[in-house]
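Below is one structure, written out as structure tokens; the observations come after it.
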Amino acid sequence: MIYGFQAGAATGIGFSGGGTLVVNDTVVHSNGTGIAVSGGGNVGMTLRDVIVHGNSANGVSIATSGSSAKVTIDHSTLAFNGGAGLNVNAAPRSR
């Protein structure tokens, strides 16, 4: 269980840089943002059997200036957060 990170822009789980964050069988609650993934390249995240609830900002936030953000959410709940349950921001693609 990850909870109680509230000071400033606190985050329960923070992951930055390239690569993929994998979280299994975890409860993340009562933080600023529950889980935040960011990077300059392509980023990814897999949530499996995870509950993210009661955070004061977004439950899960993914931001990248790369061309893609890949997310797998399996048997998980994102509920009752102050912002979005899942917030994804990626750079627009050039055509």
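Here's how to read the names in the structure tokens: chain A, B, ... by the order shown, residue numbers from 1 in each chain, ligand numbers from 1 in the order shown.
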Give me, as an NGL selection string, all polymer residues having an atom no more than 9 Å from region 22-31 of chain A, counting only C-alpha atoms and skipping those fewer than 4 positions away in the same chain. :A and (1-7 or 10-13 or 35 or 44-57 or 59 or 76 or 81)
Report the residues of chain A whose backbone DSSP state falls under strand (DSSP E or B), written as a ChimeraX atom specification. /A:2-3,11-16,19-29,33-39,43-53,60-64,69-74,77-79,86-90
Might you pull out every residue within 6 Å of Val37 (chain A), with only C-alpha atoms counted and same-chain residues fewer than 5 positions away left off, and present them as a VMD selection string? chain A and resid 15 to 16 62
Could you save the residues just selected, with N, CA and C atoms, as a short mmCIF file (atom, residue, chain, number, x, y, z; two decimals), in the first residue's frame?
data_model
loop_
_atom_site.label_atom_id
_atom_site.label_comp_id
_atom_site.auth_asym_id
_atom_site.auth_seq_id
_atom_site.Cartn_x
_atom_site.Cartn_y
_atom_site.Cartn_z
N PHE A 15 7.73 7.88 -11.89
CA PHE A 15 8.65 7.18 -12.80
C PHE A 15 8.96 8.12 -13.95
N SER A 16 10.25 8.40 -14.19
CA SER A 16 10.59 9.29 -15.30
C SER A 16 11.72 8.69 -16.12
N ILE A 62 0.17 10.24 -17.26
CA ILE A 62 1.26 9.87 -18.15
C ILE A 62 1.52 11.05 -19.08
#
Two-atom distance - CA of Gly39 (chain A), CA of Thr77 (chain A) (Å):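 Atom-to-atom, CA of Gly39 (chain A) and CA of Thr77 (chain A) are spaced 24.1 Å apart.
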To one decimal in Å, tell me the separation between CA of Ala36 (chain A) and CA of Ala90 (chain A).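 So the answer is 13.5 Å.
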